[in-house]
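J.: File follows, run_6.pdb with PDB, C-alpha atoms:
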```pdb
ATOM      1  CA  MET A   1     -20.263  -4.689   5.005  1.00  0.00           C
ATOM      2  CA  TRP A   2     -18.218  -2.687   7.465  1.00  0.00           C
ATOM      3  CA  GLN A   3     -17.766  -3.956  11.016  1.00  0.00           C
ATOM      4  CA  ARG A   4     -17.121  -1.390  13.721  1.00  0.00           C
ATOM      5  CA  LEU A   5     -14.531  -2.270  16.360  1.00  0.00           C
ATOM      6  CA  GLY A   6     -15.209   0.441  18.886  1.00  0.00           C
ATOM      7  CA  PRO A   7     -15.530   4.159  19.614  1.00  0.00           C
ATOM      8  CA  GLY A   8     -12.665   6.514  20.189  1.00  0.00           C
ATOM      9  CA  THR A   9     -11.691  10.129  20.370  1.00  0.00           C
ATOM     10  CA  LEU A  10     -12.434  12.564  17.567  1.00  0.00           C
ATOM     11  CA  TRP A  11      -9.162  13.923  16.134  1.00  0.00           C
ATOM     12  CA  ARG A  12      -8.917  17.172  14.197  1.00  0.00           C
ATOM     13  CA  GLY A  13      -6.134  18.796  12.261  1.00  0.00           C
ATOM     14  CA  SER A  14      -3.271  17.480  10.184  1.00  0.00           C
ATOM     15  CA  ARG A  15      -2.257  14.809  12.693  1.00  0.00           C
ATOM     16  CA  GLY A  16      -5.720  13.246  12.762  1.00  0.00           C
ATOM     17  CA  GLY A  17      -5.057  10.876   9.879  1.00  0.00           C
ATOM     18  CA  VAL A  18      -1.750   9.773  11.392  1.00  0.00           C
ATOM     19  CA  GLU A  19      -3.418   9.013  14.719  1.00  0.00           C
ATOM     20  CA  LEU A  20      -6.210   7.056  13.047  1.00  0.00           C
ATOM     21  CA  ARG A  21      -3.694   4.980  11.088  1.00  0.00           C
ATOM     22  CA  ARG A  22      -1.691   4.419  14.284  1.00  0.00           C
ATOM     23  CA  ARG A  23      -4.713   3.055  16.150  1.00  0.00           C
ATOM     24  CA  SER A  24      -5.659   0.891  13.187  1.00  0.00           C
ATOM     25  CA  THR A  25      -2.112  -0.472  12.996  1.00  0.00           C
ATOM     26  CA  LEU A  26      -2.138  -1.380  16.673  1.00  0.00           C
ATOM     27  CA  GLU A  27      -5.482  -3.127  16.199  1.00  0.00           C
ATOM     28  CA  VAL A  28      -3.979  -5.196  13.389  1.00  0.00           C
ATOM     29  CA  GLU A  29      -0.985  -6.101  15.545  1.00  0.00           C
ATOM     30  CA  ARG A  30      -3.290  -7.261  18.341  1.00  0.00           C
ATOM     31  CA  LYS A  31      -5.390  -9.428  16.053  1.00  0.00           C
ATOM     32  CA  HIS A  32      -2.808 -10.756  13.599  1.00  0.00           C
ATOM     33  CA  GLY A  33       0.679 -10.413  15.045  1.00  0.00           C
ATOM     34  CA  GLY A  34       2.882 -11.851  17.720  1.00  0.00           C
ATOM     35  CA  GLY A  35       2.601 -15.581  17.125  1.00  0.00           C
ATOM     36  CA  GLY A  36       5.944 -16.271  15.500  1.00  0.00           C
ATOM     37  CA  GLU A  37       4.919 -14.973  12.094  1.00  0.00           C
ATOM     38  CA  ALA A  38       7.134 -13.895   9.233  1.00  0.00           C
ATOM     39  CA  ALA A  39       5.621 -10.566   8.311  1.00  0.00           C
ATOM     40  CA  GLY A  40       6.120  -8.152   5.440  1.00  0.00           C
ATOM     41  CA  ARG A  41       6.393  -4.506   6.457  1.00  0.00           C
ATOM     42  CA  GLY A  42       5.423  -1.533   4.329  1.00  0.00           C
ATOM     43  CA  ARG A  43       6.427   2.094   4.660  1.00  0.00           C
ATOM     44  CA  GLY A  44       3.179   3.678   5.969  1.00  0.00           C
ATOM     45  CA  GLY A  45       3.149   6.540   8.464  1.00  0.00           C
ATOM     46  CA  ALA A  46       1.822   4.346  11.274  1.00  0.00           C
ATOM     47  CA  GLN A  47       4.574   1.728  11.004  1.00  0.00           C
ATOM     48  CA  PRO A  48       6.975   3.360  13.522  1.00  0.00           C
ATOM     49  CA  ARG A  49       4.424   3.021  16.333  1.00  0.00           C
ATOM     50  CA  ALA A  50       3.756  -0.580  15.373  1.00  0.00           C
ATOM     51  CA  ALA A  51       7.497  -1.290  15.388  1.00  0.00           C
ATOM     52  CA  LYS A  52       7.754   0.106  18.902  1.00  0.00           C
ATOM     53  CA  ARG A  53       4.941  -2.140  20.083  1.00  0.00           C
ATOM     54  CA  VAL A  54       6.542  -5.231  18.560  1.00  0.00           C
ATOM     55  CA  ARG A  55       9.772  -4.382  20.365  1.00  0.00           C
ATOM     56  CA  ASN A  56       8.311  -3.306  23.714  1.00  0.00           C
ATOM     57  CA  GLU A  57       5.920  -6.258  24.013  1.00  0.00           C
ATOM     58  CA  HIS A  58       8.450  -8.782  22.717  1.00  0.00           C
ATOM     59  CA  LEU A  59       6.121 -10.060  19.998  1.00  0.00           C
ATOM     60  CA  LYS A  60       7.541 -12.968  18.035  1.00  0.00           C
ATOM     61  CA  VAL A  61       7.665 -11.501  14.542  1.00  0.00           C
ATOM     62  CA  VAL A  62      10.327 -11.764  11.841  1.00  0.00           C
ATOM     63  CA  CYS A  63      10.161  -8.701   9.589  1.00  0.00           C
ATOM     64  CA  VAL A  64      10.753  -8.568   5.837  1.00  0.00           C
ATOM     65  CA  PRO A  65      10.903  -4.949   4.577  1.00  0.00           C
ATOM     66  CA  SER A  66       9.442  -3.727   1.297  1.00  0.00           C
ATOM     67  CA  SER A  67      11.654  -0.651   1.020  1.00  0.00           C
ATOM     68  CA  PHE A  68      14.886   0.929   2.206  1.00  0.00           C
ATOM     69  CA  GLN A  69      12.873   3.076   4.614  1.00  0.00           C
ATOM     70  CA  ALA A  70      11.120   0.038   6.100  1.00  0.00           C
ATOM     71  CA  ARG A  71      14.451  -1.756   6.477  1.00  0.00           C
ATOM     72  CA  GLN A  72      15.925   1.206   8.357  1.00  0.00           C
ATOM     73  CA  LEU A  73      12.893   1.252  10.653  1.00  0.00           C
ATOM     74  CA  ILE A  74      13.302  -2.440  11.470  1.00  0.00           C
ATOM     75  CA  LEU A  75      16.989  -1.963  12.237  1.00  0.00           C
ATOM     76  CA  GLN A  76      16.320   1.176  14.277  1.00  0.00           C
ATOM     77  CA  HIS A  77      13.999  -0.743  16.579  1.00  0.00           C
ATOM     78  CA  ASP A  78      16.274  -3.799  16.728  1.00  0.00           C
ATOM     79  CA  LEU A  79      13.642  -6.149  15.313  1.00  0.00           C
ATOM     80  CA  PRO A  80      14.436  -9.488  13.652  1.00  0.00           C
ATOM     81  CA  LEU A  81      15.255  -8.670  10.026  1.00  0.00           C
ATOM     82  CA  SER A  82      14.908 -11.174   7.226  1.00  0.00           C
ATOM     83  CA  ASP A  83      14.378 -11.293   3.467  1.00  0.00           C
ATOM     84  CA  LEU A  84      12.563 -13.357   0.857  1.00  0.00           C
ATOM     85  CA  ASP A  85      15.570 -15.638   0.371  1.00  0.00           C
ATOM     86  CA  ARG A  86      15.197 -16.890   3.942  1.00  0.00           C
ATOM     87  CA  HIS A  87      11.413 -16.416   4.204  1.00  0.00           C
ATOM     88  CA  PRO A  88       9.939 -16.808   0.703  1.00  0.00           C
ATOM     89  CA  GLU A  89       6.496 -17.447   2.195  1.00  0.00           C
ATOM     90  CA  LEU A  90       5.162 -14.871   4.649  1.00  0.00           C
ATOM     91  CA  ASP A  91       2.332 -15.331   7.111  1.00  0.00           C
ATOM     92  CA  LEU A  92       1.190 -11.732   6.892  1.00  0.00           C
ATOM     93  CA  ALA A  93       1.869  -8.497   5.033  1.00  0.00           C
ATOM     94  CA  ILE A  94       0.791  -5.169   6.532  1.00  0.00           C
ATOM     95  CA  ASP A  95       0.772  -2.072   4.365  1.00  0.00           C
ATOM     96  CA  GLY A  96      -1.086   1.119   3.554  1.00  0.00           C
ATOM     97  CA  ALA A  97      -2.791   2.365   0.393  1.00  0.00           C
ATOM     98  CA  ASP A  98      -3.318   5.584  -1.504  1.00  0.00           C
ATOM     99  CA  GLU A  99      -6.890   4.575  -2.350  1.00  0.00           C
ATOM    100  CA  VAL A 100      -9.223   1.614  -1.797  1.00  0.00           C
ATOM    101  CA  ASP A 101     -12.334   0.977  -3.895  1.00  0.00           C
ATOM    102  CA  CYS A 102     -15.524  -0.852  -2.952  1.00  0.00           C
ATOM    103  CA  ASP A 103     -14.061  -4.194  -4.148  1.00  0.00           C
ATOM    104  CA  LEU A 104     -10.883  -3.659  -2.060  1.00  0.00           C
ATOM    105  CA  ASN A 105      -8.747  -3.000  -5.111  1.00  0.00           C
ATOM    106  CA  LEU A 106      -5.938  -0.563  -4.387  1.00  0.00           C
ATOM    107  CA  ILE A 107      -3.821   2.164  -5.865  1.00  0.00           C
ATOM    108  CA  LYS A 108      -0.396   2.132  -4.227  1.00  0.00           C
ATOM    109  CA  GLY A 109       2.977   3.593  -5.035  1.00  0.00           C
ATOM    110  CA  GLY A 110       2.635   7.209  -3.978  1.00  0.00           C
ATOM    111  CA  GLY A 111       5.877   6.696  -2.063  1.00  0.00           C
ATOM    112  CA  GLY A 112       7.602   4.984  -4.973  1.00  0.00           C
ATOM    113  CA  CYS A 113       7.934   1.439  -3.571  1.00  0.00           C
ATOM    114  CA  LEU A 114       5.152  -0.257  -5.530  1.00  0.00           C
ATOM    115  CA  THR A 115       7.226  -3.086  -6.993  1.00  0.00           C
ATOM    116  CA  GLN A 116       8.716  -4.267  -3.704  1.00  0.00           C
ATOM    117  CA  GLU A 117       5.354  -3.835  -1.958  1.00  0.00           C
ATOM    118  CA  LYS A 118       3.600  -5.985  -4.543  1.00  0.00           C
ATOM    119  CA  ILE A 119       6.295  -8.670  -4.341  1.00  0.00           C
ATOM    120  CA  ILE A 120       5.932  -8.795  -0.557  1.00  0.00           C
ATOM    121  CA  ALA A 121       2.129  -8.896  -0.831  1.00  0.00           C
ATOM    122  CA  SER A 122       2.265 -11.741  -3.357  1.00  0.00           C
ATOM    123  CA  CYS A 123       4.380 -13.825  -0.962  1.00  0.00           C
ATOM    124  CA  ALA A 124       2.030 -13.376   2.003  1.00  0.00           C
ATOM    125  CA  LYS A 125      -0.797 -15.676   3.031  1.00  0.00           C
ATOM    126  CA  LYS A 126      -2.748 -12.596   4.079  1.00  0.00           C
ATOM    127  CA  LEU A 127      -2.485  -8.958   3.027  1.00  0.00           C
ATOM    128  CA  ILE A 128      -3.876  -6.497   5.569  1.00  0.00           C
ATOM    129  CA  VAL A 129      -4.212  -2.846   4.583  1.00  0.00           C
ATOM    130  CA  ILE A 130      -4.463   0.075   6.991  1.00  0.00           C
ATOM    131  CA  ALA A 131      -5.740   3.523   6.052  1.00  0.00           C
ATOM    132  CA  ASP A 132      -7.958   6.313   7.273  1.00  0.00           C
ATOM    133  CA  TYR A 133     -11.442   7.072   5.979  1.00  0.00           C
ATOM    134  CA  ARG A 134     -10.134   9.579   3.418  1.00  0.00           C
ATOM    135  CA  LYS A 135      -8.706   6.722   1.339  1.00  0.00           C
ATOM    136  CA  ASP A 136     -12.079   4.965   1.011  1.00  0.00           C
ATOM    137  CA  SER A 137     -13.679   5.378  -2.444  1.00  0.00           C
ATOM    138  CA  LYS A 138     -16.448   3.770  -4.425  1.00  0.00           C
ATOM    139  CA  HIS A 139     -14.179   3.581  -7.453  1.00  0.00           C
ATOM    140  CA  LEU A 140     -10.484   4.195  -8.058  1.00  0.00           C
ATOM    141  CA  GLY A 141      -9.754   7.784  -8.941  1.00  0.00           C
ATOM    142  CA  GLU A 142     -12.657   9.213  -6.959  1.00  0.00           C
ATOM    143  CA  LYS A 143     -10.404  10.721  -4.284  1.00  0.00           C
ATOM    144  CA  TRP A 144      -6.841   9.914  -5.357  1.00  0.00           C
ATOM    145  CA  LYS A 145      -6.072  12.395  -8.134  1.00  0.00           C
ATOM    146  CA  LYS A 146      -2.358  11.727  -8.651  1.00  0.00           C
ATOM    147  CA  GLY A 147      -2.891   8.763 -10.963  1.00  0.00           C
ATOM    148  CA  VAL A 148      -1.713   5.156 -11.077  1.00  0.00           C
ATOM    149  CA  PRO A 149       2.050   4.817 -10.490  1.00  0.00           C
ATOM    150  CA  ILE A 150       3.857   2.685 -13.045  1.00  0.00           C
ATOM    151  CA  GLU A 151       7.507   1.726 -12.576  1.00  0.00           C
ATOM    152  CA  VAL A 152       9.407   1.594 -15.866  1.00  0.00           C
ATOM    153  CA  ILE A 153      12.900   0.925 -17.159  1.00  0.00           C
ATOM    154  CA  PRO A 154      14.372   4.409 -17.894  1.00  0.00           C
ATOM    155  CA  MET A 155      14.968   3.810 -21.610  1.00  0.00           C
ATOM    156  CA  ALA A 156      11.327   2.738 -22.055  1.00  0.00           C
ATOM    157  CA  CYS A 157       9.847   5.823 -20.445  1.00  0.00           C
ATOM    158  CA  MET A 158       8.630   7.584 -23.602  1.00  0.00           C
ATOM    159  CA  PRO A 159       7.421   4.481 -25.495  1.00  0.00           C
ATOM    160  CA  VAL A 160       5.409   3.331 -22.462  1.00  0.00           C
ATOM    161  CA  ARG A 161       3.855   6.793 -22.065  1.00  0.00           C
ATOM    162  CA  ARG A 162       2.772   6.865 -25.708  1.00  0.00           C
ATOM    163  CA  LYS A 163       1.299   3.348 -25.677  1.00  0.00           C
ATOM    164  CA  ILE A 164      -0.750   3.900 -22.516  1.00  0.00           C
ATOM    165  CA  VAL A 165      -2.215   7.171 -23.794  1.00  0.00           C
ATOM    166  CA  ALA A 166      -2.914   5.692 -27.228  1.00  0.00           C
ATOM    167  CA  LYS A 167      -4.866   2.759 -25.799  1.00  0.00           C
ATOM    168  CA  TYR A 168      -6.470   4.163 -22.655  1.00  0.00           C
ATOM    169  CA  GLY A 169      -6.307   7.942 -22.911  1.00  0.00           C
ATOM    170  CA  GLY A 170      -5.656  10.209 -19.979  1.00  0.00           C
ATOM    171  CA  ASN A 171      -2.329  11.814 -19.217  1.00  0.00           C
ATOM    172  CA  VAL A 172       0.963  10.135 -18.258  1.00  0.00           C
ATOM    173  CA  GLU A 173       3.607  12.180 -16.453  1.00  0.00           C
ATOM    174  CA  LEU A 174       7.153  11.344 -15.428  1.00  0.00           C
ATOM    175  CA  ARG A 175       7.379  11.793 -11.670  1.00  0.00           C
ATOM    176  CA  MET A 176       9.945  14.451 -10.850  1.00  0.00           C
ATOM    177  CA  ALA A 177      12.007  14.576  -7.675  1.00  0.00           C
ATOM    178  CA  VAL A 178      11.617  17.330  -5.085  1.00  0.00           C
ATOM    179  CA  SER A 179      15.001  17.429  -3.356  1.00  0.00           C
ATOM    180  CA  LYS A 180      17.144  16.710  -6.404  1.00  0.00           C
ATOM    181  CA  ALA A 181      17.203  17.623 -10.058  1.00  0.00           C
ATOM    182  CA  GLY A 182      15.578  15.205 -12.490  1.00  0.00           C
ATOM    183  CA  PRO A 183      13.100  12.366 -12.061  1.00  0.00           C
ATOM    184  CA  VAL A 184      12.384  10.206  -9.048  1.00  0.00           C
ATOM    185  CA  VAL A 185      14.571   7.092  -9.079  1.00  0.00           C
ATOM    186  CA  THR A 186      13.201   4.009  -7.334  1.00  0.00           C
ATOM    187  CA  ASP A 187      15.141   1.642  -5.072  1.00  0.00           C
ATOM    188  CA  ASN A 188      15.469  -0.527  -8.191  1.00  0.00           C
ATOM    189  CA  GLY A 189      17.046   2.258 -10.262  1.00  0.00           C
ATOM    190  CA  ASN A 190      13.940   2.838 -12.385  1.00  0.00           C
ATOM    191  CA  PHE A 191      11.606   5.755 -13.162  1.00  0.00           C
ATOM    192  CA  ILE A 192       7.952   6.190 -12.166  1.00  0.00           C
ATOM    193  CA  LEU A 193       5.179   7.300 -14.501  1.00  0.00           C
ATOM    194  CA  ASP A 194       1.919   8.577 -13.011  1.00  0.00           C
ATOM    195  CA  TRP A 195      -1.065   7.800 -15.237  1.00  0.00           C
ATOM    196  CA  LYS A 196      -3.976  10.159 -14.647  1.00  0.00           C
ATOM    197  CA  PHE A 197      -6.659   8.056 -16.247  1.00  0.00           C
ATOM    198  CA  ASP A 198     -10.118   8.764 -17.610  1.00  0.00           C
ATOM    199  CA  ASN A 199     -13.000   6.367 -17.068  1.00  0.00           C
ATOM    200  CA  VAL A 200     -11.822   2.791 -16.433  1.00  0.00           C
ATOM    201  CA  SER A 201     -14.094  -0.074 -15.409  1.00  0.00           C
ATOM    202  CA  ASN A 202     -12.214  -3.357 -15.812  1.00  0.00           C
ATOM    203  CA  TRP A 203      -9.078  -2.779 -13.773  1.00  0.00           C
ATOM    204  CA  LYS A 204      -8.001  -6.414 -13.913  1.00  0.00           C
ATOM    205  CA  ASP A 205      -7.641  -6.369 -17.706  1.00  0.00           C
ATOM    206  CA  VAL A 206      -6.097  -2.902 -17.744  1.00  0.00           C
ATOM    207  CA  ASN A 207      -3.496  -3.946 -15.177  1.00  0.00           C
ATOM    208  CA  VAL A 208      -2.505  -7.002 -17.218  1.00  0.00           C
ATOM    209  CA  ASP A 209      -2.367  -5.016 -20.476  1.00  0.00           C
ATOM    210  CA  ILE A 210      -0.096  -2.335 -19.035  1.00  0.00           C
ATOM    211  CA  LYS A 211       2.232  -4.893 -17.478  1.00  0.00           C
ATOM    212  CA  MET A 212       2.622  -6.539 -20.898  1.00  0.00           C
ATOM    213  CA  ILE A 213       4.080  -3.354 -22.403  1.00  0.00           C
ATOM    214  CA  PRO A 214       7.845  -3.895 -22.820  1.00  0.00           C
ATOM    215  CA  GLY A 215       9.725  -1.797 -20.291  1.00  0.00           C
ATOM    216  CA  VAL A 216       7.027  -1.812 -17.626  1.00  0.00           C
ATOM    217  CA  VAL A 217       8.309  -3.288 -14.375  1.00  0.00           C
ATOM    218  CA  GLU A 218       5.139  -3.120 -12.291  1.00  0.00           C
ATOM    219  CA  THR A 219       1.992  -1.075 -11.712  1.00  0.00           C
ATOM    220  CA  GLY A 220       0.544   0.372  -8.533  1.00  0.00           C
ATOM    221  CA  LEU A 221      -2.728  -1.485  -9.103  1.00  0.00           C
ATOM    222  CA  PHE A 222      -3.300  -4.172  -6.470  1.00  0.00           C
ATOM    223  CA  ILE A 223      -6.210  -6.162  -7.883  1.00  0.00           C
ATOM    224  CA  ASN A 224      -7.853  -8.957  -5.860  1.00  0.00           C
ATOM    225  CA  MET A 225      -4.892  -9.126  -3.488  1.00  0.00           C
ATOM    226  CA  VAL A 226      -6.236  -7.720  -0.213  1.00  0.00           C
ATOM    227  CA  ASP A 227      -7.827  -9.906   2.459  1.00  0.00           C
ATOM    228  CA  ARG A 228      -8.926  -7.199   4.898  1.00  0.00           C
ATOM    229  CA  VAL A 229      -8.865  -3.401   5.119  1.00  0.00           C
ATOM    230  CA  TYR A 230      -8.903  -1.529   8.438  1.00  0.00           C
ATOM    231  CA  PHE A 231     -10.119   2.052   8.302  1.00  0.00           C
ATOM    232  CA  GLY A 232      -9.781   4.648  11.019  1.00  0.00           C
ATOM    233  CA  LEU A 233     -13.015   6.646  10.920  1.00  0.00           C
ATOM    234  CA  ARG A 234     -13.654  10.298  11.548  1.00  0.00           C
ATOM    235  CA  ASP A 235     -15.021   9.690  15.071  1.00  0.00           C
ATOM    236  CA  GLY A 236     -11.913   7.751  16.091  1.00  0.00           C
ATOM    237  CA  SER A 237     -13.442   4.289  15.793  1.00  0.00           C
ATOM    238  CA  ILE A 238     -12.024   1.537  13.611  1.00  0.00           C
ATOM    239  CA  CYS A 239     -13.892  -0.502  11.010  1.00  0.00           C
ATOM    240  CA  PHE A 240     -12.815  -3.314   8.746  1.00  0.00           C
ATOM    241  CA  ARG A 241     -14.092  -4.979   5.606  1.00  0.00           C
ATOM    242  CA  ASP A 242     -13.120  -8.347   4.187  1.00  0.00           C
ATOM    243  CA  ARG A 243     -12.811  -9.275   0.557  1.00  0.00           C
ATOM    244  CA  HIS A 244     -15.502 -11.714  -0.477  1.00  0.00           C
ATOM    245  CA  LEU A 245     -14.178 -14.383  -2.781  1.00  0.00           C
ATOM    246  CA  PRO A 246     -16.395 -15.352  -5.747  1.00  0.00           C
TER
END
```
Let me see the structure of the file written as structure tokens.
T.:
Amino acid sequence: MWQRLGPGTLWRGSRGGVELRRRSTLEVERKHGGGGEAAGRGRGGAQPRAAKRVRNEHLKVVCVPSSFQARQLILQHDLPLSDLDRHPELDLAIDGADEVDCDLNLIKGGGGCLTQEKIIASCAKKLIVIADYRKDSKHLGEKWKKGVPIEVIPMACMPVRRKIVAKYGGNVELRMAVSKAGPVVTDNGNFILDWKFDNVSNWKDVNVDIKMIPGVVETGLFINMVDRVYFGLRDGSICFRDRHLP
């Protein structure tokens, strides 16, 4: 069940989603941040505003980045920077998502940082996700049409593609770069495959099966990991939904 946090202004145009994510991020910071926590930071579009608030209000947060971009943001705003060697257990991880289903399972990795993001999430006591209403789906694949990102060792690219298609169908594409020739290369020096799947029901088993293929580093499926999702709605209000444990 969704819980509404309050009304706001209706935003239109391309910046509407950014503004909704910004307000949702600030709501998360008010409710969950500032008490001396070690927090994991993702690379979502609303993170710069949140970083400014942490700095300007002198919130006591130690930040552990999940990507090069997130690390640069932390340094840019002169926030306390740490890593998993010094803070192997995090109080909170805040990140975005490409899609969220009705069970709060996620597809992530559109920006290419899925492995680091999942490591950070796995080390956190709580994982809070922020998105706008356009990311909310009844089932994965309903709105996100770019597929499930899968990070692979470069030499295993073709074998992994063939095995996924043979077992689960769909189409697997090597993600190509935009501003350089050749494929996208992750912060870990690997390639990303995007699996545009057909009908899938048991994501937990599928996620485990794909990860067991030699050469697969990680998938962009975040299954049973999220504690709460904040959504910025079309009317400018913010709602959240908690995962209900069995």
J.: Can you spell out as number ranges by chain the set of residues that the PyMOL selection byres ((chain A and resi 127) around 9) selects in the structure I just provided?
T.: A: 40, 91-95, 121-122, 124-126, 128-129, 225-229
J.: Given the PyMOL selection byres ((chain A and resi 172-185) around 9) and the file above, list the residues it selects as a list in words.
T.: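 Given this file, the PyMOL selection byres ((chain A and resi 172-185) around 9) evaluates to Gly112, Gly147, Pro149, Cys157, Arg161, Arg162, Ile164, Val165, Gly169, Gly170, Asn171, Thr186, Asp187, Asn188, Gly189, Asn190, Phe191, Ile192, Leu193, Asp194, Trp195, Lys196 and Phe197 of chain A.
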J.: What gap, in Å, lies between atom CA of Leu140 of chain A and atom CA of Cys102 of chain A?
T.: 8.8 Å
J.: Provide the atom CA of Ser237 of chain A to atom CA of Tyr133 of chain A distance in Å, to one decimal place.
T.: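 Between these atoms lies a distance of 10.4 Å.
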J.: I'd like to see the residues matched by the PyMOL selection byres ((chain A and resi 81-85) around 8) on this file, and ideally I'd get them as a count of residues only.
T.: 13
J.: Have a look at atom CA of Glu99 of chain A and atom CA of Ser66 of chain A and let me know their distance in Å, one decimal.
T.: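 Result for atom CA of Glu99 of chain A versus atom CA of Ser66 of chain A: 18.7 Å, one decimal.
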